[in-house]
file input_11.pdb (PDB, C-alpha atoms)
ATOM      1  CA  MET A 388      30.485  21.267  36.694
ATOM      2  CA  ALA A 389      26.937  22.246  35.700
ATOM      3  CA  ALA A 390      25.672  21.108  32.307
ATOM      4  CA  ARG A 391      25.600  23.878  29.730
ATOM      5  CA  GLY A 392      22.492  24.932  27.863
ATOM      6  CA  ARG A 393      18.843  24.774  28.759
ATOM      7  CA  PRO A 394      17.150  21.395  29.176
ATOM      8  CA  ARG A 395      14.828  20.273  26.398
ATOM      9  CA  THR A 396      11.344  21.650  27.018
ATOM     10  CA  PHE A 397       9.382  19.672  24.433
ATOM     11  CA  ASP A 398       8.400  16.063  23.914
ATOM     12  CA  PRO A 399      10.180  14.676  20.820
ATOM     13  CA  ASP A 400       7.479  12.042  20.247
ATOM     14  CA  THR A 401       4.760  14.689  20.211
ATOM     15  CA  ALA A 402       6.824  16.900  17.925
ATOM     16  CA  LEU A 403       7.408  13.990  15.554
ATOM     17  CA  ARG A 404       3.680  13.310  15.378
ATOM     18  CA  GLN A 405       3.001  16.985  14.663
ATOM     19  CA  ALA A 406       5.645  16.935  11.947
ATOM     20  CA  LEU A 407       4.006  13.838  10.450
ATOM     21  CA  ASP A 408       0.654  15.586  10.285
ATOM     22  CA  LEU A 409       2.212  18.584   8.532
ATOM     23  CA  PHE A 410       4.254  16.596   6.013
ATOM     24  CA  TRP A 411       1.175  14.474   5.281
ATOM     25  CA  GLU A 412      -0.953  17.550   4.676
ATOM     26  CA  ARG A 413       1.532  19.513   2.553
ATOM     27  CA  GLY A 414       3.997  16.976   1.164
ATOM     28  CA  TYR A 415       7.745  17.138   1.571
ATOM     29  CA  GLU A 416       8.497  20.140  -0.609
ATOM     30  CA  GLY A 417       5.427  22.039   0.562
ATOM     31  CA  THR A 418       6.661  21.945   4.158
ATOM     32  CA  SER A 419       9.362  24.373   5.286
ATOM     33  CA  LEU A 420      11.347  24.426   8.492
ATOM     34  CA  SER A 421       9.455  27.571   9.401
ATOM     35  CA  ASP A 422       6.191  25.641   8.965
ATOM     36  CA  LEU A 423       7.521  22.839  11.147
ATOM     37  CA  ALA A 424       8.652  25.284  13.819
ATOM     38  CA  HIS A 425       5.214  26.894  13.857
ATOM     39  CA  ALA A 426       3.343  23.564  13.963
ATOM     40  CA  THR A 427       5.468  22.083  16.726
ATOM     41  CA  GLY A 428       6.118  25.254  18.695
ATOM     42  CA  ILE A 429       9.830  24.464  18.555
ATOM     43  CA  ALA A 430      12.556  26.781  17.287
ATOM     44  CA  SER A 431      14.265  25.711  14.078
ATOM     45  CA  ALA A 432      17.554  25.373  15.917
ATOM     46  CA  SER A 433      15.964  22.953  18.366
ATOM     47  CA  ILE A 434      14.487  20.929  15.495
ATOM     48  CA  TYR A 435      17.986  20.612  14.025
ATOM     49  CA  ALA A 436      19.430  19.683  17.402
ATOM     50  CA  CYS A 437      16.834  16.997  18.063
ATOM     51  CA  PHE A 438      16.086  15.561  14.615
ATOM     52  CA  GLY A 439      18.832  16.759  12.289
ATOM     53  CA  SER A 440      18.065  18.270   8.899
ATOM     54  CA  LYS A 441      14.651  18.463   7.265
ATOM     55  CA  GLN A 442      15.520  15.303   5.323
ATOM     56  CA  ASP A 443      16.500  13.536   8.544
ATOM     57  CA  LEU A 444      13.253  14.603  10.172
ATOM     58  CA  PHE A 445      11.239  13.398   7.185
ATOM     59  CA  ARG A 446      12.887   9.981   7.337
ATOM     60  CA  LYS A 447      11.964   9.726  11.013
ATOM     61  CA  VAL A 448       8.424  10.829  10.152
ATOM     62  CA  MET A 449       8.153   8.086   7.539
ATOM     63  CA  ALA A 450       9.349   5.508  10.068
ATOM     64  CA  LEU A 451       6.547   6.642  12.383
ATOM     65  CA  TYR A 452       4.074   6.566   9.501
ATOM     66  CA  GLY A 453       5.126   3.000   8.716
ATOM     67  CA  THR A 454       4.377   1.831  12.253
ATOM     68  CA  THR A 455       1.024   3.635  12.481
ATOM     69  CA  SER A 456      -1.065   4.321   9.369
ATOM     70  CA  GLY A 457       1.150   2.161   7.181
ATOM     71  CA  GLU A 458       1.002  -0.888   9.448
ATOM     72  CA  PRO A 459      -2.496  -2.378   8.795
ATOM     73  CA  PRO A 460      -1.788  -3.335   5.149
ATOM     74  CA  ARG A 461       1.506  -4.962   6.155
ATOM     75  CA  ARG A 462      -0.177  -6.752   9.023
ATOM     76  CA  ALA A 463      -2.730  -8.147   6.579
ATOM     77  CA  LEU A 464       0.073  -9.613   4.474
ATOM     78  CA  ARG A 465       1.615 -11.239   7.539
ATOM     79  CA  GLU A 466      -1.456 -12.553   9.294
ATOM     80  CA  GLN A 467      -4.041 -13.669   6.733
ATOM     81  CA  PRO A 468      -4.064 -17.461   6.219
ATOM     82  CA  THR A 469      -3.783 -17.607   2.422
ATOM     83  CA  ALA A 470      -2.078 -15.540  -0.238
ATOM     84  CA  ARG A 471      -5.397 -14.519  -1.739
ATOM     85  CA  ALA A 472      -6.860 -13.490   1.605
ATOM     86  CA  ALA A 473      -3.672 -11.559   2.412
ATOM     87  CA  ILE A 474      -3.773  -9.594  -0.842
ATOM     88  CA  HIS A 475      -7.496  -8.891  -0.495
ATOM     89  CA  GLU A 476      -7.210  -7.705   3.091
ATOM     90  CA  MET A 477      -4.126  -5.636   2.241
ATOM     91  CA  LEU A 478      -6.122  -3.768  -0.408
ATOM     92  CA  ARG A 479      -9.046  -3.239   1.962
ATOM     93  CA  ALA A 480      -6.776  -2.012   4.750
ATOM     94  CA  THR A 481      -5.120   0.383   2.313
ATOM     95  CA  ALA A 482      -8.501   1.753   1.254
ATOM     96  CA  ASP A 483      -9.492   2.190   4.906
ATOM     97  CA  GLN A 484      -6.334   4.118   5.715
ATOM     98  CA  ILE A 485      -6.447   6.485   2.737
ATOM     99  CA  THR A 486     -10.101   7.434   3.186
ATOM    100  CA  GLY A 487     -10.076   8.039   6.942
ATOM    101  CA  PRO A 488     -12.000  11.071   8.231
ATOM    102  CA  ASP A 489      -9.090  12.626  10.117
ATOM    103  CA  THR A 490      -6.142  12.302   7.722
ATOM    104  CA  PRO A 491      -5.286  13.364   4.163
ATOM    105  CA  HIS A 492      -6.586  10.948   1.544
ATOM    106  CA  TYR A 493      -3.394   9.474   0.165
ATOM    107  CA  CYS A 494      -0.480   7.249   1.119
ATOM    108  CA  MET A 495       2.627   9.234   2.041
ATOM    109  CA  LEU A 496       4.918   6.563   0.633
ATOM    110  CA  ILE A 497       3.382   7.126  -2.801
ATOM    111  CA  LEU A 498       2.523  10.810  -2.980
ATOM    112  CA  ALA A 499       4.498  12.745  -0.350
ATOM    113  CA  ALA A 500       7.208  13.671  -2.894
ATOM    114  CA  PRO A 501       6.381  12.344  -6.375
ATOM    115  CA  THR A 502       8.348  15.077  -8.188
ATOM    116  CA  GLY A 503      10.305  18.151  -7.235
ATOM    117  CA  ALA A 504      13.571  20.046  -7.066
ATOM    118  CA  VAL A 505      16.851  18.350  -7.933
ATOM    119  CA  GLU A 506      18.199  18.831  -4.424
ATOM    120  CA  ASN A 507      15.365  16.670  -3.076
ATOM    121  CA  HIS A 508      16.269  13.691  -5.237
ATOM    122  CA  PRO A 509      17.537  11.728  -2.172
ATOM    123  CA  ILE A 510      14.056  11.951  -0.627
ATOM    124  CA  ARG A 511      12.390  10.753  -3.812
ATOM    125  CA  GLU A 512      14.811   7.829  -3.933
ATOM    126  CA  PHE A 513      14.150   7.130  -0.254
ATOM    127  CA  LEU A 514      10.427   6.886  -0.963
ATOM    128  CA  ALA A 515      11.048   4.837  -4.102
ATOM    129  CA  ASP A 516      13.035   2.386  -1.983
ATOM    130  CA  GLY A 517      10.018   2.139   0.306
ATOM    131  CA  ARG A 518       7.759   1.381  -2.646
ATOM    132  CA  ARG A 519      10.194  -1.237  -3.894
ATOM    133  CA  GLY A 520      10.037  -2.735  -0.417
ATOM    134  CA  GLN A 521       6.257  -2.823  -0.743
ATOM    135  CA  LEU A 522       6.596  -4.777  -3.979
ATOM    136  CA  SER A 523       9.014  -7.200  -2.325
ATOM    137  CA  ALA A 524       6.672  -7.729   0.621
ATOM    138  CA  ILE A 525       3.796  -8.609  -1.711
ATOM    139  CA  ARG A 526       5.979 -10.948  -3.733
ATOM    140  CA  ASP A 527       7.259 -12.632  -0.561
ATOM    141  CA  ARG A 528       3.685 -13.223   0.564
ATOM    142  CA  LEU A 529       2.843 -14.807  -2.778
ATOM    143  CA  ALA A 530       5.931 -17.012  -2.509
ATOM    144  CA  ARG A 531       4.762 -18.054   0.955
ATOM    145  CA  GLY A 532       1.448 -19.027  -0.598
ATOM    146  CA  VAL A 533       3.318 -21.281  -3.010
ATOM    147  CA  THR A 534       5.231 -22.846  -0.101
ATOM    148  CA  ASP A 535       2.026 -23.299   1.916
ATOM    149  CA  GLY A 536       0.262 -24.869  -1.051
ATOM    150  CA  ASP A 537      -2.553 -22.375  -1.518
ATOM    151  CA  LEU A 538      -1.043 -20.829  -4.650
ATOM    152  CA  THR A 539       0.612 -22.460  -7.637
ATOM    153  CA  ALA A 540       2.540 -20.160  -9.936
ATOM    154  CA  PRO A 541       5.988 -20.043 -11.556
ATOM    155  CA  ALA A 542       8.539 -17.532 -10.319
ATOM    156  CA  ALA A 543       7.969 -15.260 -13.314
ATOM    157  CA  GLY A 544       4.241 -15.390 -12.593
ATOM    158  CA  LEU A 545       4.800 -14.298  -8.994
ATOM    159  CA  ASP A 546       6.749 -11.261 -10.163
ATOM    160  CA  ALA A 547       3.938 -10.209 -12.495
ATOM    161  CA  ILE A 548       1.185 -10.798  -9.932
ATOM    162  CA  ALA A 549       3.120  -8.879  -7.265
ATOM    163  CA  ARG A 550       3.695  -5.959  -9.605
ATOM    164  CA  TYR A 551       0.026  -5.941 -10.584
ATOM    165  CA  TYR A 552      -1.211  -5.695  -6.993
ATOM    166  CA  THR A 553       1.460  -3.135  -6.119
ATOM    167  CA  THR A 554       0.114  -1.056  -8.994
ATOM    168  CA  VAL A 555      -3.420  -1.439  -7.618
ATOM    169  CA  VAL A 556      -2.282  -0.269  -4.162
ATOM    170  CA  GLN A 557      -0.612   2.799  -5.623
ATOM    171  CA  GLY A 558      -3.573   3.513  -7.884
ATOM    172  CA  LEU A 559      -5.948   3.416  -4.921
ATOM    173  CA  SER A 560      -3.945   6.212  -3.312
ATOM    174  CA  ILE A 561      -4.150   8.379  -6.413
ATOM    175  CA  GLN A 562      -7.880   7.743  -6.725
ATOM    176  CA  ALA A 563      -8.442   8.627  -3.058
ATOM    177  CA  ARG A 564      -6.450  11.845  -3.409
ATOM    178  CA  ASP A 565      -8.626  12.781  -6.373
ATOM    179  CA  GLY A 566     -11.819  12.272  -4.387
ATOM    180  CA  ALA A 567     -12.825   8.609  -4.726
ATOM    181  CA  THR A 568     -14.924   7.378  -1.810
ATOM    182  CA  ARG A 569     -14.327   4.237   0.239
ATOM    183  CA  ALA A 570     -17.216   2.521  -1.570
ATOM    184  CA  GLU A 571     -15.746   3.434  -4.949
ATOM    185  CA  LEU A 572     -12.382   2.038  -3.917
ATOM    186  CA  GLU A 573     -14.100  -1.162  -2.767
ATOM    187  CA  ALA A 574     -15.475  -1.590  -6.280
ATOM    188  CA  VAL A 575     -11.924  -1.313  -7.626
ATOM    189  CA  ILE A 576     -10.748  -3.903  -5.099
ATOM    190  CA  THR A 577     -13.514  -6.284  -6.157
ATOM    191  CA  CYS A 578     -12.348  -6.012  -9.765
ATOM    192  CA  ALA A 579      -8.733  -6.508  -8.723
ATOM    193  CA  MET A 580      -9.591  -9.685  -6.829
ATOM    194  CA  ALA A 581     -11.690 -10.977  -9.707
ATOM    195  CA  ALA A 582      -8.504 -10.697 -11.758
ATOM    196  CA  TRP A 583      -6.850 -13.161  -9.355
ATOM    197  CA  ASP A 584      -9.103 -15.899 -10.702
ATOM    198  CA  THR A 585      -7.847 -15.341 -14.237
ATOM    199  CA  PHE A 586      -4.199 -15.877 -13.332
ATOM    200  CA  PRO A 587      -2.851 -19.236 -14.485
ATOM    201  CA  SER A 588      -2.835 -21.815 -11.687
ATOM    202  CA  ALA A 589      -4.031 -19.399  -8.999
ATOM    203  CA  PRO A 590      -6.607 -21.221  -6.810
ATOM    204  CA  ALA A 591      -9.444 -19.008  -5.640
ATOM    205  CA  HIS A 592     -10.338 -20.548  -2.262
ATOM    206  CA  ILE A 593      -7.917 -22.857  -0.487
ATOM    207  CA  GLY A 594      -6.952 -23.183   3.158
ATOM    208  CA  GLY A 595     -10.147 -21.944   4.753
ATOM    209  CA  GLU A 596     -10.552 -18.588   3.010
ATOM    210  CA  SER A 597     -14.139 -17.806   2.118
ATOM    211  CA  GLY A 598     -16.613 -15.026   1.730
ATOM    212  CA  ASP A 599     -14.318 -12.234   0.592
ATOM    213  CA  LEU A 600     -15.918 -12.010  -2.842
ATOM    214  CA  PRO A 601     -19.508 -12.417  -4.026
ATOM    215  CA  ASP A 602     -20.498 -16.016  -4.775
ATOM    216  CA  ARG A 603     -19.333 -17.263  -8.110
ATOM    217  CA  GLU A 604     -20.735 -19.980 -10.302
ATOM    218  CA  GLY A 605     -20.010 -23.347  -8.740
ATOM    219  CA  SER A 606     -16.532 -23.793  -7.328
ATOM    220  CA  HIS A 607     -14.773 -22.260 -10.320
ATOM    221  CA  GLY A 608     -12.851 -19.012 -10.256
ATOM    222  CA  THR A 609     -13.924 -16.228 -12.553
ATOM    223  CA  GLY A 610     -11.437 -17.233 -15.190
ATOM    224  CA  ASP A 611     -12.515 -20.874 -15.025
ATOM    225  CA  VAL A 612     -16.149 -19.917 -15.540
ATOM    226  CA  ALA A 613     -15.298 -17.775 -18.528
ATOM    227  CA  ARG A 614     -13.153 -20.488 -20.062
ATOM    228  CA  SER A 615     -15.895 -23.055 -19.430
ATOM    229  CA  ARG A 616     -18.453 -20.882 -21.172
ATOM    230  CA  ARG A 617     -16.160 -20.285 -24.107
ATOM    231  CA  GLY A 618     -15.566 -24.006 -24.321
ATOM    232  CA  ARG A 619     -19.299 -24.809 -24.346
ATOM    233  CA  GLY A 620     -19.904 -22.158 -26.981
ATOM    234  CA  HIS A 621     -17.210 -23.689 -29.139
ATOM    235  CA  GLN A 622     -18.683 -27.169 -28.790
ATOM    236  CA  ASP A 623     -22.209 -25.982 -29.560
ATOM    237  CA  ARG A 624     -21.227 -24.443 -32.885
ATOM    238  CA  PRO A 625     -21.830 -26.741 -35.873
ATOM    239  CA  ALA A 626     -18.740 -27.978 -37.622
ATOM    240  CA  GLU A 627     -17.627 -25.924 -40.585
ATOM    241  CA  ARG A 628     -18.482 -27.345 -43.933
ATOM    242  CA  ARG A 629     -15.560 -28.041 -46.137
TER     243      ARG A 629
END
call {"tool": "encode", "arguments": {"input": "input_11.pdb", "output": "structure tokens"}}
result
Amino acid sequence: MAARGRPRTFDPDTALRQALDLFWERGYEGTSLSDLAHATGIASASIYACFGSKQDLFRKVMALYGTTSGEPPRRALREQPTARAAIHEMLRATADQITGPDTPHYCMLILAAPTGAVENHPIREFLADGRRGQLSAIRDRLARGVTDGDLTAPAAGLDAIARYYTTVVQGLSIQARDGATRAELEAVITCAMAAWDTFPSAPAHIGGESGDLPDREGSHGTGDVARSRRGRGHQDRPAERR
């Protein structure tokens, strides 16, 4: 018996990429099924048949985004030799991705659906879960640094450091959307990495990492230098008269 219906006449992978481009440009709520049908050249009924609902399609789009534009920052966390190098390269990779010449200047995970209609709450929660996963990935990399011996920090300290750098990542996306250049984001990253050296018991350069920040005074981190100067200033002051 012959199969009913016409065979599929479009490439789902190409359609998914086109849908990604449209969702990235307009955000979740700014993209209608009619828009998707026009961008992909596929009838709405065929979109439903292939991908499911608009929410289902968006979830598939975000999976594709995670393996393409979203991958370099995650790869930096996995592959850099020290916790500090991993965080630094993650921030740089993020800045590269959100200031590219051919894509919108923001991270979809952060800004594709920040607010909106009540019926789209599941999508906002889906993206929030992704951001919580980002926080967990950063914290896991810090914990690996503790295990490897290039970072010394208590568990509570790891949580705070991870949340701080997650906030920096998300802030970079907002700055890029509002027009910040790659060079301006690099200045933010430099400040964020200088903050690393003020964290208690966070070594600046261990395990072969070097050259990812301008030279600092001696072998001290930024915080150590500041504390040393404050200490010298305290010693140089004459004792109070009683």
call {"tool": "resolve_selection", "arguments": {"input": "input_11.pdb", "expression": "the PyMOL selection byres ((chain A and resi 427) around 8)", "output": "list in words"}}
result
Ala402, Gln405, Ala406, Leu423, Ala424, His425, Ala426, Gly428 and Ile429 of chain A
call {"tool": "atom_distance", "arguments": {"input": "input_11.pdb", "atom1": "atom CA of A:Ala450", "atom2": "atom CA of A:Leu529"}}
result
24.9 Å
call {"tool": "atom_distance", "arguments": {"input": "input_11.pdb", "atom1": "atom CA of A:Ile561", "atom2": "atom CA of A:Asp546"}}
result
22.8 Å
call {"tool": "closest_residue", "arguments": {"input": "input_11.pdb", "among": "A:Gly558, A:Gly517, A:Gly487, A:Gly566", "to": "A:Gly453", "atoms": "only C-alpha atoms"}}
result
A:Gly517
call {"tool": "residues_near_point", "arguments": {"input": "input_11.pdb", "point": "(-2.6, -5.7, 6.2)", "cutoff": "12 Å", "atoms": "only C-alpha atoms", "output": "number ranges by chain"}}
result
A: 453-468, 470, 472-484, 521, 524-525, 528, 556
call {"tool": "resolve_selection", "arguments": {"input": "input_11.pdb", "expression": "the PyMOL selection byres ((chain A and resi 491) around 12)", "output": "compact mmCIF listing (two decimals) with C-alpha atoms, in the coordinates of the input"}}
result
# COMPACT_ATOMS: atom_id res chain seq x y z
CA LEU A 407 4.01 13.84 10.45
CA ASP A 408 0.65 15.59 10.28
CA LEU A 409 2.21 18.58 8.53
CA PHE A 410 4.25 16.60 6.01
CA TRP A 411 1.18 14.47 5.28
CA GLU A 412 -0.95 17.55 4.68
CA ARG A 413 1.53 19.51 2.55
CA GLY A 414 4.00 16.98 1.16
CA SER A 456 -1.06 4.32 9.37
CA ASP A 483 -9.49 2.19 4.91
CA GLN A 484 -6.33 4.12 5.72
CA ILE A 485 -6.45 6.48 2.74
CA THR A 486 -10.10 7.43 3.19
CA GLY A 487 -10.08 8.04 6.94
CA PRO A 488 -12.00 11.07 8.23
CA ASP A 489 -9.09 12.63 10.12
CA THR A 490 -6.14 12.30 7.72
CA HIS A 492 -6.59 10.95 1.54
CA TYR A 493 -3.39 9.47 0.16
CA CYS A 494 -0.48 7.25 1.12
CA MET A 495 2.63 9.23 2.04
CA LEU A 498 2.52 10.81 -2.98
CA ALA A 499 4.50 12.74 -0.35
CA SER A 560 -3.94 6.21 -3.31
CA ILE A 561 -4.15 8.38 -6.41
CA ALA A 563 -8.44 8.63 -3.06
CA ARG A 564 -6.45 11.84 -3.41
CA ASP A 565 -8.63 12.78 -6.37
CA GLY A 566 -11.82 12.27 -4.39
call {"tool": "atom_distance", "arguments": {"input": "input_11.pdb", "atom1": "atom CA of A:Thr539", "atom2": "atom CA of A:Thr553"}}
result
19.4 Å
call {"tool": "closest_residue", "arguments": {"input": "input_11.pdb", "among": "A:Glu416, A:Asp400, A:Glu571, A:Asp443", "to": "A:Val505", "atoms": "only C-alpha atoms"}}
result
A:Glu416
call {"tool": "residues_around", "arguments": {"input": "input_11.pdb", "residues": "stretch 506-512 of chain A", "least_positions_apart": "6", "cutoff": "9 Å", "atoms": "all atoms listed in the file", "output": "ChimeraX atom specification"}}
result
/A:415-416,442,445-446,499-500
call {"tool": "closest_residue", "arguments": {"input": "input_11.pdb", "among": "A:Thr418, A:Gln562, A:Thr585, A:Gln557", "to": "A:Leu444", "atoms": "all atoms listed in the file"}}
result
A:Thr418
call {"tool": "axis_aligned_box", "arguments": {"input": "input_11.pdb", "around": "stretch 406-414 of chain A", "padding_each_side": "8 Å", "output": "JSON"}}
result
{"center_x": 2.3, "center_y": 16.7, "center_z": 6.6, "size_x": 22.6, "size_y": 21.7, "size_z": 26.8}
call {"tool": "resolve_selection", "arguments": {"input": "input_11.pdb", "expression": "the PyMOL selection byres ((chain A and resi 550) around 10)", "output": "list in words"}}
result
Arg519, Gln521, Leu522, Ser523, Ile525, Arg526, Gly544, Leu545, Asp546, Ala547, Ile548, Ala549, Tyr551, Tyr552, Thr553, Thr554, Val555 and Val556 of chain A
call {"tool": "closest_residue", "arguments": {"input": "input_11.pdb", "among": "A:Arg471, A:Arg569, A:Arg531, A:Arg518", "to": "A:Trp583", "atoms": "only C-alpha atoms"}}
result
A:Arg471
call {"tool": "closest_residue", "arguments": {"input": "input_11.pdb", "among": "A:Ala540, A:Leu403, A:Ala579, A:Ala432", "to": "A:Leu559", "atoms": "only C-alpha atoms"}}
result
A:Ala579
call {"tool": "closest_residue", "arguments": {"input": "input_11.pdb", "among": "A:Asp398, A:Ser419, A:Thr469, A:Phe586", "to": "A:Pro541", "atoms": "only C-alpha atoms"}}
result
A:Phe586
call {"tool": "build_atoms", "arguments": {"input": "input_11.pdb", "residues": "stretch 512-528 of chain A", "atoms": "N, CA and C atoms", "output": "mmCIF file, keeping the file's coordinate frame"}}
result
data_model
loop_
_atom_site.group_PDB
_atom_site.id
_atom_site.type_symbol
_atom_site.label_atom_id
_atom_site.label_comp_id
_atom_site.auth_asym_id
_atom_site.auth_seq_id
_atom_site.Cartn_x
_atom_site.Cartn_y
_atom_site.Cartn_z
ATOM 1 N N GLU A 512 14.232 9.170 -3.885
ATOM 2 C CA GLU A 512 14.811 7.829 -3.933
ATOM 3 C C GLU A 512 14.504 7.055 -2.651
ATOM 4 N N PHE A 513 14.505 7.750 -1.528
ATOM 5 C CA PHE A 513 14.150 7.130 -0.254
ATOM 6 C C PHE A 513 12.724 6.573 -0.306
ATOM 7 N N LEU A 514 11.804 7.354 -0.849
ATOM 8 C CA LEU A 514 10.427 6.886 -0.963
ATOM 9 C C LEU A 514 10.309 5.780 -2.010
ATOM 10 N N ALA A 515 11.063 5.893 -3.087
ATOM 11 C CA ALA A 515 11.048 4.837 -4.102
ATOM 12 C C ALA A 515 11.553 3.527 -3.516
ATOM 13 N N ASP A 516 12.554 3.600 -2.661
ATOM 14 C CA ASP A 516 13.035 2.386 -1.983
ATOM 15 C C ASP A 516 11.926 1.779 -1.137
ATOM 16 N N GLY A 517 11.147 2.635 -0.481
ATOM 17 C CA GLY A 517 10.018 2.139 0.306
ATOM 18 C C GLY A 517 8.988 1.449 -0.564
ATOM 19 N N ARG A 518 8.725 2.007 -1.740
ATOM 20 C CA ARG A 518 7.759 1.381 -2.646
ATOM 21 C C ARG A 518 8.299 0.065 -3.207
ATOM 22 N N ARG A 519 9.604 0.032 -3.466
ATOM 23 C CA ARG A 519 10.194 -1.237 -3.894
ATOM 24 C C ARG A 519 10.097 -2.276 -2.777
ATOM 25 N N GLY A 520 10.228 -1.830 -1.544
ATOM 26 C CA GLY A 520 10.037 -2.735 -0.417
ATOM 27 C C GLY A 520 8.613 -3.255 -0.344
ATOM 28 N N GLN A 521 7.659 -2.410 -0.691
ATOM 29 C CA GLN A 521 6.257 -2.823 -0.743
ATOM 30 C C GLN A 521 6.063 -3.923 -1.777
ATOM 31 N N LEU A 522 6.655 -3.753 -2.937
ATOM 32 C CA LEU A 522 6.596 -4.777 -3.979
ATOM 33 C C LEU A 522 7.210 -6.084 -3.491
ATOM 34 N N SER A 523 8.348 -5.993 -2.830
ATOM 35 C CA SER A 523 9.014 -7.200 -2.325
ATOM 36 C C SER A 523 8.169 -7.904 -1.278
ATOM 37 N N ALA A 524 7.513 -7.120 -0.415
ATOM 38 C CA ALA A 524 6.672 -7.729 0.621
ATOM 39 C C ALA A 524 5.505 -8.487 0.004
ATOM 40 N N ILE A 525 4.904 -7.928 -1.041
ATOM 41 C CA ILE A 525 3.796 -8.609 -1.711
ATOM 42 C C ILE A 525 4.304 -9.874 -2.392
ATOM 43 N N ARG A 526 5.445 -9.767 -3.067
ATOM 44 C CA ARG A 526 5.979 -10.948 -3.733
ATOM 45 C C ARG A 526 6.333 -12.038 -2.722
ATOM 46 N N ASP A 527 6.914 -11.644 -1.591
ATOM 47 C CA ASP A 527 7.259 -12.632 -0.561
ATOM 48 C C ASP A 527 6.015 -13.335 -0.041
ATOM 49 N N ARG A 528 4.914 -12.581 0.076
ATOM 50 C CA ARG A 528 3.685 -13.223 0.564
ATOM 51 C C ARG A 528 3.141 -14.207 -0.461
#
